[in-house]
Amino acid sequence: MKTFLMCDPRYFEVSYVINPWMAGNQGLENKELAAKQWKNLHDILSSKASIKLIEPVAGLPDMVFTANGGFVCRDHEVIVSSFRYPERQGESSYFSQFFENSGYRIRRLNSDIKFEGAGDALYDSNGRVWIGYGHRSDAQALDEIATILQAQVNGLTLVAPRWYHLDTAFCPLVNGYVLAYEQAFTSQSVNIIKNKFNDRVIWVSDEDANNFACNAVNIGSDIILNKASDELKVALSKHNFSIIEVDVSEFMKAGGACKCLTLEL
Ligand code: ARG
């Protein structure tokens, strides 16, 4: 059974702008609705996986996006994040504390390298590691992570500001599939995705990308995401996936959706 780390949205709000989704949304989140949406996601996930919680901290409104707390790179081993923007840097020590208390071996990248955890680092179902860089994480993170893992890692260059973390535009699924949004990447990175996933890439439309369809949690054949078009539902059902839509509109005002609200442990 998978285990996910979540953080309740007690202190969640859009109080600064560090990605394009947040622009114009400062103070516009509905806190009551956010709490309901988060609980709904939590309850659905807890029927399919086990959930651990990290205590939220006042003044760290984005801590609810636990995906950025670190990258669990091996069993009980984690590469902790070093956030690009000062607004989120305070989260690192709380996530590190959580991992230490939970018996994880903590790995850190060279102190001048930015790396935003599982927002930018994902395993596919063949055990290959994918790292997104260009907005939040630095390209230099690749070599360091490859050294820690003693394995090759695949780098993907993110180019469009709205797709600032890899998990906003790329979601490996079971059985060698991946959901991806072409416009988020350089043409070179698009080719890498095509070459490595062959006919198992499911490209999403602009509409689906903007509804954060790639920011999905995959558990077996279930794909939990904010919203998918009928077209995408049909495409996924052809590959035996079923979609569970969980509205996370309030968190999208901060630039995150279902996957960002979880960290696979
Ligand atoms: N407001 C947060 C930020 O800009 C959202 C993080 C979303 N997380 C993710 N894994 N995509 O950092």
# chains A, B, ... in the order shown; residues from 1 in each chain; ligands from 1

$ residues_near_ligand --ligand "ligand 1" --cutoff "10 Å" --atoms "only C-alpha atoms and all ligand atoms" --output "ChimeraX atom specification"
/A:12-22,61-69,83-85,87-88,116-121,136,162-169,212,215,251-263

$ write_last_selection --atoms "C-alpha atoms" --output "PDB file, in the first residue's frame"
ATOM      1  CA  PHE A  12      -3.294  28.025   3.684  1.00  0.00           C
ATOM      2  CA  GLU A  13      -3.813  31.298   1.845  1.00  0.00           C
ATOM      3  CA  VAL A  14      -2.588  33.107  -1.235  1.00  0.00           C
ATOM      4  CA  SER A  15      -0.522  35.781   0.449  1.00  0.00           C
ATOM      5  CA  TYR A  16       2.289  36.282  -2.078  1.00  0.00           C
ATOM      6  CA  VAL A  17       2.937  35.639  -5.760  1.00  0.00           C
ATOM      7  CA  ILE A  18       5.669  33.178  -6.752  1.00  0.00           C
ATOM      8  CA  ASN A  19       3.973  31.609  -9.781  1.00  0.00           C
ATOM      9  CA  PRO A  20       1.566  32.932 -12.437  1.00  0.00           C
ATOM     10  CA  TRP A  21      -1.459  31.160 -10.933  1.00  0.00           C
ATOM     11  CA  MET A  22      -1.154  33.214  -7.752  1.00  0.00           C
ATOM     12  CA  PRO A  61       0.777  29.051   3.699  1.00  0.00           C
ATOM     13  CA  ASP A  62       2.207  26.819   0.952  1.00  0.00           C
ATOM     14  CA  MET A  63       3.278  24.051   3.332  1.00  0.00           C
ATOM     15  CA  VAL A  64       0.022  22.333   2.385  1.00  0.00           C
ATOM     16  CA  PHE A  65       1.827  21.443  -0.875  1.00  0.00           C
ATOM     17  CA  THR A  66       3.814  18.624   0.704  1.00  0.00           C
ATOM     18  CA  ALA A  67       5.079  17.421  -2.705  1.00  0.00           C
ATOM     19  CA  ASN A  68       7.720  20.116  -2.370  1.00  0.00           C
ATOM     20  CA  GLY A  69       8.977  18.991   1.027  1.00  0.00           C
ATOM     21  CA  PHE A  83      13.341  26.201  -2.062  1.00  0.00           C
ATOM     22  CA  ARG A  84      14.005  28.852  -4.672  1.00  0.00           C
ATOM     23  CA  TYR A  85      11.926  31.628  -3.097  1.00  0.00           C
ATOM     24  CA  GLU A  87       8.613  32.793   0.915  1.00  0.00           C
ATOM     25  CA  ARG A  88       8.898  28.984   1.131  1.00  0.00           C
ATOM     26  CA  GLU A 116      11.938  21.523  -4.935  1.00  0.00           C
ATOM     27  CA  GLY A 117      11.478  17.870  -4.095  1.00  0.00           C
ATOM     28  CA  ALA A 118       8.814  15.679  -5.640  1.00  0.00           C
ATOM     29  CA  GLY A 119       7.412  18.747  -7.402  1.00  0.00           C
ATOM     30  CA  ASP A 120      10.362  18.345  -9.761  1.00  0.00           C
ATOM     31  CA  ALA A 121      11.473  14.724  -9.245  1.00  0.00           C
ATOM     32  CA  ARG A 136      12.352  26.135  -9.546  1.00  0.00           C
ATOM     33  CA  ARG A 162       2.559  28.324 -15.767  1.00  0.00           C
ATOM     34  CA  TRP A 163       4.178  24.859 -15.747  1.00  0.00           C
ATOM     35  CA  TYR A 164       6.841  25.703 -13.242  1.00  0.00           C
ATOM     36  CA  HIS A 165       7.141  22.321 -11.536  1.00  0.00           C
ATOM     37  CA  LEU A 166       7.502  19.009 -13.364  1.00  0.00           C
ATOM     38  CA  ASP A 167       4.407  17.619 -11.645  1.00  0.00           C
ATOM     39  CA  THR A 168       2.233  20.328 -13.205  1.00  0.00           C
ATOM     40  CA  ALA A 169       2.860  18.874 -16.663  1.00  0.00           C
ATOM     41  CA  PHE A 212      -4.222  20.560 -13.776  1.00  0.00           C
ATOM     42  CA  ASN A 215      -1.146  17.001 -11.443  1.00  0.00           C
ATOM     43  CA  PHE A 251      -5.557  25.370  -4.140  1.00  0.00           C
ATOM     44  CA  MET A 252      -5.297  26.081  -7.857  1.00  0.00           C
ATOM     45  CA  LYS A 253      -5.366  29.774  -6.922  1.00  0.00           C
ATOM     46  CA  ALA A 254      -1.936  29.090  -5.400  1.00  0.00           C
ATOM     47  CA  GLY A 255      -0.808  27.044  -8.413  1.00  0.00           C
ATOM     48  CA  GLY A 256      -1.270  23.546  -7.041  1.00  0.00           C
ATOM     49  CA  ALA A 257      -3.734  20.661  -7.300  1.00  0.00           C
ATOM     50  CA  CYS A 258      -4.181  17.039  -6.161  1.00  0.00           C
ATOM     51  CA  LYS A 259      -0.649  15.736  -6.648  1.00  0.00           C
ATOM     52  CA  CYS A 260       1.011  18.825  -5.114  1.00  0.00           C
ATOM     53  CA  LEU A 261      -1.066  18.294  -1.975  1.00  0.00           C
ATOM     54  CA  THR A 262       0.566  14.897  -1.433  1.00  0.00           C
ATOM     55  CA  LEU A 263       4.045  13.502  -1.107  1.00  0.00           C
TER      56      LEU A 263
END

$ residues_around --residues "Ser189 (chain A)" --least-positions-apart "6" --cutoff "12 Å" --atoms "only C-alpha atoms" --output "ChimeraX atom specification"
/A:130-134,154-159,166,170,180-183,195-196

$ residues_around --residues "region 221-238 of chain A" --least-positions-apart "5" --cutoff "8 Å" --atoms "only C-alpha atoms" --output "VMD selection string"
chain A and resid 174 202 204 207 to 208 211 to 216 243 to 249 257 to 259

$ write_last_selection --atoms "N, CA and C atoms" --output "CSV table (one decimal), in the first residue's frame"
chain,number,residue,atom,x,y,z
A,174,VAL,N,1.1,3.9,-13.9
A,174,VAL,CA,1.5,2.5,-13.9
A,174,VAL,C,1.6,1.9,-15.3
A,202,ILE,N,0.4,9.8,-23.0
A,202,ILE,CA,-1.0,10.4,-23.2
A,202,ILE,C,-0.8,11.9,-23.1
A,204,VAL,N,-1.9,15.7,-23.1
A,204,VAL,CA,-3.2,16.3,-22.7
A,204,VAL,C,-3.4,17.6,-23.5
A,207,GLU,N,-6.8,22.6,-22.5
A,207,GLU,CA,-7.8,22.7,-21.5
A,207,GLU,C,-7.5,21.8,-20.3
A,208,ASP,N,-7.2,20.6,-20.6
A,208,ASP,CA,-6.9,19.7,-19.5
A,208,ASP,C,-5.6,20.1,-18.7
A,211,ASN,N,-6.6,22.7,-16.4
A,211,ASN,CA,-7.3,22.2,-15.2
A,211,ASN,C,-6.5,21.3,-14.4
A,212,PHE,N,-5.2,21.3,-14.6
A,212,PHE,CA,-4.2,20.6,-13.8
A,212,PHE,C,-4.4,19.0,-13.9
A,213,ALA,N,-4.8,18.6,-15.1
A,213,ALA,CA,-5.0,17.1,-15.2
A,213,ALA,C,-3.7,16.3,-15.0
A,214,CYS,N,-2.6,17.0,-15.3
A,214,CYS,CA,-1.3,16.2,-15.1
A,214,CYS,C,-0.9,16.2,-13.7
A,215,ASN,N,-1.5,17.0,-12.9
A,215,ASN,CA,-1.1,17.0,-11.4
A,215,ASN,C,-2.0,16.0,-10.7
A,216,ALA,N,-1.7,14.7,-11.1
A,216,ALA,CA,-2.6,13.6,-10.7
A,216,ALA,C,-1.9,12.6,-9.7
A,243,ILE,N,-10.9,7.6,-13.8
A,243,ILE,CA,-10.6,8.9,-13.2
A,243,ILE,C,-11.5,9.2,-12.0
A,244,ILE,N,-10.9,9.7,-11.0
A,244,ILE,CA,-11.7,10.2,-9.9
A,244,ILE,C,-11.5,11.7,-9.8
A,245,GLU,N,-12.5,12.5,-10.0
A,245,GLU,CA,-12.3,14.0,-10.0
A,245,GLU,C,-12.5,14.5,-8.6
A,246,VAL,N,-11.5,15.3,-8.1
A,246,VAL,CA,-11.6,15.9,-6.8
A,246,VAL,C,-11.4,17.4,-7.0
A,247,ASP,N,-12.4,18.2,-6.8
A,247,ASP,CA,-12.3,19.6,-7.1
A,247,ASP,C,-11.4,20.3,-6.0
A,248,VAL,N,-10.3,20.9,-6.5
A,248,VAL,CA,-9.4,21.6,-5.6
A,248,VAL,C,-9.2,23.0,-6.1
A,249,SER,N,-10.3,23.6,-6.5
A,249,SER,CA,-10.2,25.0,-7.1
A,249,SER,C,-9.5,26.0,-6.2
A,257,ALA,N,-2.5,21.5,-7.3
A,257,ALA,CA,-3.7,20.7,-7.3
A,257,ALA,C,-3.5,19.3,-6.6
A,258,CYS,N,-4.2,18.3,-7.0
A,258,CYS,CA,-4.2,17.0,-6.2
A,258,CYS,C,-2.8,16.5,-5.8
A,259,LYS,N,-2.0,16.3,-6.9
A,259,LYS,CA,-0.6,15.7,-6.6
A,259,LYS,C,0.2,16.6,-5.7

$ select_by_dssp --residues "region 56-141 of chain A" --states "helix (DSSP H, G or I)" --output "list in words"
Pro61, Asp62, Met63, Val64, Thr66, Ala67, Asn68, Gly69, Pro86, Glu87, Arg88, Gln89, Glu91, Ser92, Ser93, Tyr94, Phe95, Ser96, Gln97, Phe98, Phe99, Glu100, Asn101, Gly117, Ala118, Gly119, Gln140 and Ala141 of chain A

$ select_by_dssp --residues "region 95-241 of chain A" --states "strand (DSSP E or B)" --output "MDAnalysis selection string"
chainID A and resid 105:107 115 121:123 129:133 153:158 170:172 178:180 185 201:203 217:219 222:225

$ write_last_selection --atoms "C-alpha atoms" --output "JSON list (two decimals), in the first residue's frame"
[["chain", "number", "residue", "atom", "x", "y", "z"],
["A", 105, "ARG", "CA", 18.12, 9.08, 6.14],
["A", 106, "ILE", "CA", 18.38, 12.73, 5.09],
["A", 107, "ARG", "CA", 20.35, 13.70, 1.99],
["A", 115, "PHE", "CA", 15.68, 21.73, -5.65],
["A", 121, "ALA", "CA", 11.47, 14.72, -9.24],
["A", 122, "LEU", "CA", 9.35, 11.73, -10.15],
["A", 123, "TYR", "CA", 9.84, 8.00, -10.59],
["A", 129, "VAL", "CA", 13.93, 9.06, -12.36],
["A", 130, "TRP", "CA", 12.70, 12.22, -14.09],
["A", 131, "ILE", "CA", 13.87, 15.65, -12.97],
["A", 132, "GLY", "CA", 12.31, 18.91, -14.16],
["A", 133, "TYR", "CA", 14.40, 22.06, -14.08],
["A", 153, "VAL", "CA", 18.48, 10.39, -14.20],
["A", 154, "ASN", "CA", 16.47, 11.96, -17.01],
["A", 155, "GLY", "CA", 16.31, 15.73, -17.14],
["A", 156, "LEU", "CA", 13.40, 17.63, -18.68],
["A", 157, "THR", "CA", 13.60, 21.36, -19.35],
["A", 158, "LEU", "CA", 10.51, 23.30, -18.36],
["A", 170, "PHE", "CA", 4.15, 15.31, -16.34],
["A", 171, "CYS", "CA", 2.66, 12.40, -14.45],
["A", 172, "PRO", "CA", 4.09, 8.88, -14.77],
["A", 178, "VAL", "CA", 2.74, 8.93, -18.68],
["A", 179, "LEU", "CA", 0.38, 11.88, -18.86],
["A", 180, "ALA", "CA", 2.14, 14.94, -20.22],
["A", 185, "PHE", "CA", 8.75, 21.49, -22.39],
["A", 201, "VAL", "CA", 2.48, 8.91, -23.71],
["A", 202, "ILE", "CA", -0.96, 10.39, -23.23],
["A", 203, "TRP", "CA", -0.64, 14.04, -24.29],
["A", 217, "VAL", "CA", -2.20, 10.91, -8.06],
["A", 218, "ASN", "CA", -2.11, 7.44, -9.57],
["A", 219, "ILE", "CA", -2.93, 4.48, -7.36],
["A", 222, "ASP", "CA", -7.24, 4.99, -10.33],
["A", 223, "ILE", "CA", -6.19, 8.48, -11.32],
["A", 224, "ILE", "CA", -7.19, 11.17, -8.86],
["A", 225, "LEU", "CA", -7.18, 14.64, -10.37]]

$ decode --residues "region 137-153 of chain A" --atoms "all heavy atoms" --output "PDB file, in the first residue's frame"
ATOM      1  N   SER A 137      13.787  24.181  -9.767  1.00  0.00           N
ATOM      2  CA  SER A 137      15.000  23.412  -9.478  1.00  0.00           C
ATOM      3  C   SER A 137      16.075  23.765 -10.493  1.00  0.00           C
ATOM      4  O   SER A 137      15.782  24.107 -11.642  1.00  0.00           O
ATOM      5  CB  SER A 137      14.693  21.909  -9.539  1.00  0.00           C
ATOM      6  OG  SER A 137      13.729  21.572  -8.562  1.00  0.00           O
ATOM      7  N   ASP A 138      17.337  23.689 -10.036  1.00  0.00           N
ATOM      8  CA  ASP A 138      18.476  23.990 -10.913  1.00  0.00           C
ATOM      9  C   ASP A 138      18.905  22.744 -11.690  1.00  0.00           C
ATOM     10  O   ASP A 138      18.803  21.618 -11.183  1.00  0.00           O
ATOM     11  CB  ASP A 138      19.686  24.424 -10.065  1.00  0.00           C
ATOM     12  CG  ASP A 138      19.491  25.800  -9.456  1.00  0.00           C
ATOM     13  OD1 ASP A 138      18.856  26.658 -10.101  1.00  0.00           O
ATOM     14  OD2 ASP A 138      19.976  26.010  -8.329  1.00  0.00           O
ATOM     15  N   ALA A 139      19.450  22.984 -12.878  1.00  0.00           N
ATOM     16  CA  ALA A 139      19.966  21.879 -13.693  1.00  0.00           C
ATOM     17  C   ALA A 139      21.038  21.088 -12.933  1.00  0.00           C
ATOM     18  O   ALA A 139      21.142  19.865 -13.088  1.00  0.00           O
ATOM     19  CB  ALA A 139      20.547  22.422 -14.993  1.00  0.00           C
ATOM     20  N   GLN A 140      21.795  21.777 -12.079  1.00  0.00           N
ATOM     21  CA  GLN A 140      22.869  21.093 -11.335  1.00  0.00           C
ATOM     22  C   GLN A 140      22.332  20.039 -10.382  1.00  0.00           C
ATOM     23  O   GLN A 140      23.088  19.163  -9.930  1.00  0.00           O
ATOM     24  CB  GLN A 140      23.708  22.095 -10.519  1.00  0.00           C
ATOM     25  CG  GLN A 140      24.496  23.090 -11.343  1.00  0.00           C
ATOM     26  CD  GLN A 140      23.726  24.383 -11.520  1.00  0.00           C
ATOM     27  OE1 GLN A 140      22.636  24.373 -12.087  1.00  0.00           O
ATOM     28  NE2 GLN A 140      24.273  25.488 -11.068  1.00  0.00           N
ATOM     29  N   ALA A 141      21.048  20.101 -10.063  1.00  0.00           N
ATOM     30  CA  ALA A 141      20.472  19.092  -9.159  1.00  0.00           C
ATOM     31  C   ALA A 141      20.577  17.696  -9.794  1.00  0.00           C
ATOM     32  O   ALA A 141      20.715  16.694  -9.094  1.00  0.00           O
ATOM     33  CB  ALA A 141      19.014  19.432  -8.854  1.00  0.00           C
ATOM     34  N   LEU A 142      20.528  17.658 -11.115  1.00  0.00           N
ATOM     35  CA  LEU A 142      20.545  16.369 -11.820  1.00  0.00           C
ATOM     36  C   LEU A 142      21.765  15.518 -11.481  1.00  0.00           C
ATOM     37  O   LEU A 142      21.632  14.347 -11.120  1.00  0.00           O
ATOM     38  CB  LEU A 142      20.558  16.612 -13.335  1.00  0.00           C
ATOM     39  CG  LEU A 142      19.228  16.488 -14.039  1.00  0.00           C
ATOM     40  CD1 LEU A 142      18.448  17.771 -13.915  1.00  0.00           C
ATOM     41  CD2 LEU A 142      19.442  16.143 -15.492  1.00  0.00           C
ATOM     42  N   ASP A 143      22.944  16.132 -11.617  1.00  0.00           N
ATOM     43  CA  ASP A 143      24.177  15.386 -11.376  1.00  0.00           C
ATOM     44  C   ASP A 143      24.262  14.916  -9.936  1.00  0.00           C
ATOM     45  O   ASP A 143      24.664  13.794  -9.651  1.00  0.00           O
ATOM     46  CB  ASP A 143      25.405  16.272 -11.658  1.00  0.00           C
ATOM     47  CG  ASP A 143      25.618  16.422 -13.154  1.00  0.00           C
ATOM     48  OD1 ASP A 143      24.993  15.648 -13.906  1.00  0.00           O
ATOM     49  OD2 ASP A 143      26.383  17.325 -13.557  1.00  0.00           O
ATOM     50  N   GLU A 144      23.866  15.816  -9.040  1.00  0.00           N
ATOM     51  CA  GLU A 144      23.964  15.457  -7.622  1.00  0.00           C
ATOM     52  C   GLU A 144      23.005  14.321  -7.271  1.00  0.00           C
ATOM     53  O   GLU A 144      23.341  13.425  -6.502  1.00  0.00           O
ATOM     54  CB  GLU A 144      23.663  16.676  -6.755  1.00  0.00           C
ATOM     55  CG  GLU A 144      24.708  17.749  -6.935  1.00  0.00           C
ATOM     56  CD  GLU A 144      25.140  18.362  -5.618  1.00  0.00           C
ATOM     57  OE1 GLU A 144      24.579  18.017  -4.574  1.00  0.00           O
ATOM     58  OE2 GLU A 144      26.057  19.194  -5.672  1.00  0.00           O
ATOM     59  N   ILE A 145      21.814  14.368  -7.852  1.00  0.00           N
ATOM     60  CA  ILE A 145      20.840  13.309  -7.549  1.00  0.00           C
ATOM     61  C   ILE A 145      21.308  11.995  -8.180  1.00  0.00           C
ATOM     62  O   ILE A 145      21.207  10.930  -7.570  1.00  0.00           O
ATOM     63  CB  ILE A 145      19.421  13.721  -8.011  1.00  0.00           C
ATOM     64  CG1 ILE A 145      18.947  14.898  -7.146  1.00  0.00           C
ATOM     65  CG2 ILE A 145      18.441  12.554  -7.920  1.00  0.00           C
ATOM     66  CD1 ILE A 145      17.644  15.525  -7.560  1.00  0.00           C
ATOM     67  N   ALA A 146      21.880  12.094  -9.372  1.00  0.00           N
ATOM     68  CA  ALA A 146      22.418  10.882 -10.020  1.00  0.00           C
ATOM     69  C   ALA A 146      23.512  10.264  -9.149  1.00  0.00           C
ATOM     70  O   ALA A 146      23.593   9.036  -9.004  1.00  0.00           O
ATOM     71  CB  ALA A 146      22.955  11.226 -11.401  1.00  0.00           C
ATOM     72  N   THR A 147      24.335  11.120  -8.531  1.00  0.00           N
ATOM     73  CA  THR A 147      25.400  10.610  -7.664  1.00  0.00           C
ATOM     74  C   THR A 147      24.809   9.929  -6.425  1.00  0.00           C
ATOM     75  O   THR A 147      25.224   8.834  -6.047  1.00  0.00           O
ATOM     76  CB  THR A 147      26.342  11.764  -7.228  1.00  0.00           C
ATOM     77  OG1 THR A 147      26.796  12.425  -8.417  1.00  0.00           O
ATOM     78  CG2 THR A 147      27.526  11.262  -6.449  1.00  0.00           C
ATOM     79  N   ILE A 148      23.825  10.568  -5.828  1.00  0.00           N
ATOM     80  CA  ILE A 148      23.194   9.968  -4.636  1.00  0.00           C
ATOM     81  C   ILE A 148      22.571   8.614  -4.994  1.00  0.00           C
ATOM     82  O   ILE A 148      22.720   7.631  -4.280  1.00  0.00           O
ATOM     83  CB  ILE A 148      22.121  10.922  -4.047  1.00  0.00           C
ATOM     84  CG1 ILE A 148      22.807  12.128  -3.400  1.00  0.00           C
ATOM     85  CG2 ILE A 148      21.227  10.195  -3.039  1.00  0.00           C
ATOM     86  CD1 ILE A 148      21.853  13.211  -2.911  1.00  0.00           C
ATOM     87  N   LEU A 149      21.896   8.574  -6.123  1.00  0.00           N
ATOM     88  CA  LEU A 149      21.188   7.341  -6.507  1.00  0.00           C
ATOM     89  C   LEU A 149      22.097   6.329  -7.192  1.00  0.00           C
ATOM     90  O   LEU A 149      21.709   5.185  -7.384  1.00  0.00           O
ATOM     91  CB  LEU A 149      20.024   7.683  -7.448  1.00  0.00           C
ATOM     92  CG  LEU A 149      18.873   8.451  -6.810  1.00  0.00           C
ATOM     93  CD1 LEU A 149      17.864   8.859  -7.864  1.00  0.00           C
ATOM     94  CD2 LEU A 149      18.196   7.599  -5.735  1.00  0.00           C
ATOM     95  N   GLN A 150      23.273   6.786  -7.568  1.00  0.00           N
ATOM     96  CA  GLN A 150      24.181   5.969  -8.375  1.00  0.00           C
ATOM     97  C   GLN A 150      23.440   5.368  -9.559  1.00  0.00           C
ATOM     98  O   GLN A 150      23.507   4.174  -9.837  1.00  0.00           O
ATOM     99  CB  GLN A 150      24.829   4.891  -7.510  1.00  0.00           C
ATOM    100  CG  GLN A 150      25.728   5.537  -6.464  1.00  0.00           C
ATOM    101  CD  GLN A 150      26.465   4.514  -5.642  1.00  0.00           C
ATOM    102  OE1 GLN A 150      25.847   3.652  -5.041  1.00  0.00           O
ATOM    103  NE2 GLN A 150      27.777   4.594  -5.649  1.00  0.00           N
ATOM    104  N   ALA A 151      22.703   6.249 -10.211  1.00  0.00           N
ATOM    105  CA  ALA A 151      21.914   5.833 -11.370  1.00  0.00           C
ATOM    106  C   ALA A 151      21.765   7.030 -12.292  1.00  0.00           C
ATOM    107  O   ALA A 151      21.921   8.178 -11.865  1.00  0.00           O
ATOM    108  CB  ALA A 151      20.532   5.370 -10.920  1.00  0.00           C
ATOM    109  N   GLN A 152      21.449   6.727 -13.526  1.00  0.00           N
ATOM    110  CA  GLN A 152      21.213   7.788 -14.490  1.00  0.00           C
ATOM    111  C   GLN A 152      19.866   8.443 -14.188  1.00  0.00           C
ATOM    112  O   GLN A 152      18.920   7.743 -13.799  1.00  0.00           O
ATOM    113  CB  GLN A 152      21.172   7.134 -15.866  1.00  0.00           C
ATOM    114  CG  GLN A 152      21.528   8.032 -17.010  1.00  0.00           C
ATOM    115  CD  GLN A 152      20.868   7.528 -18.279  1.00  0.00           C
ATOM    116  OE1 GLN A 152      20.703   6.324 -18.461  1.00  0.00           O
ATOM    117  NE2 GLN A 152      20.465   8.452 -19.130  1.00  0.00           N
ATOM    118  N   VAL A 153      19.787   9.753 -14.338  1.00  0.00           N
ATOM    119  CA  VAL A 153      18.481  10.392 -14.199  1.00  0.00           C
ATOM    120  C   VAL A 153      18.159  11.122 -15.506  1.00  0.00           C
ATOM    121  O   VAL A 153      19.061  11.487 -16.250  1.00  0.00           O
ATOM    122  CB  VAL A 153      18.429  11.374 -12.998  1.00  0.00           C
ATOM    123  CG1 VAL A 153      18.734  10.680 -11.691  1.00  0.00           C
ATOM    124  CG2 VAL A 153      19.367  12.555 -13.200  1.00  0.00           C
TER     125      VAL A 153
END
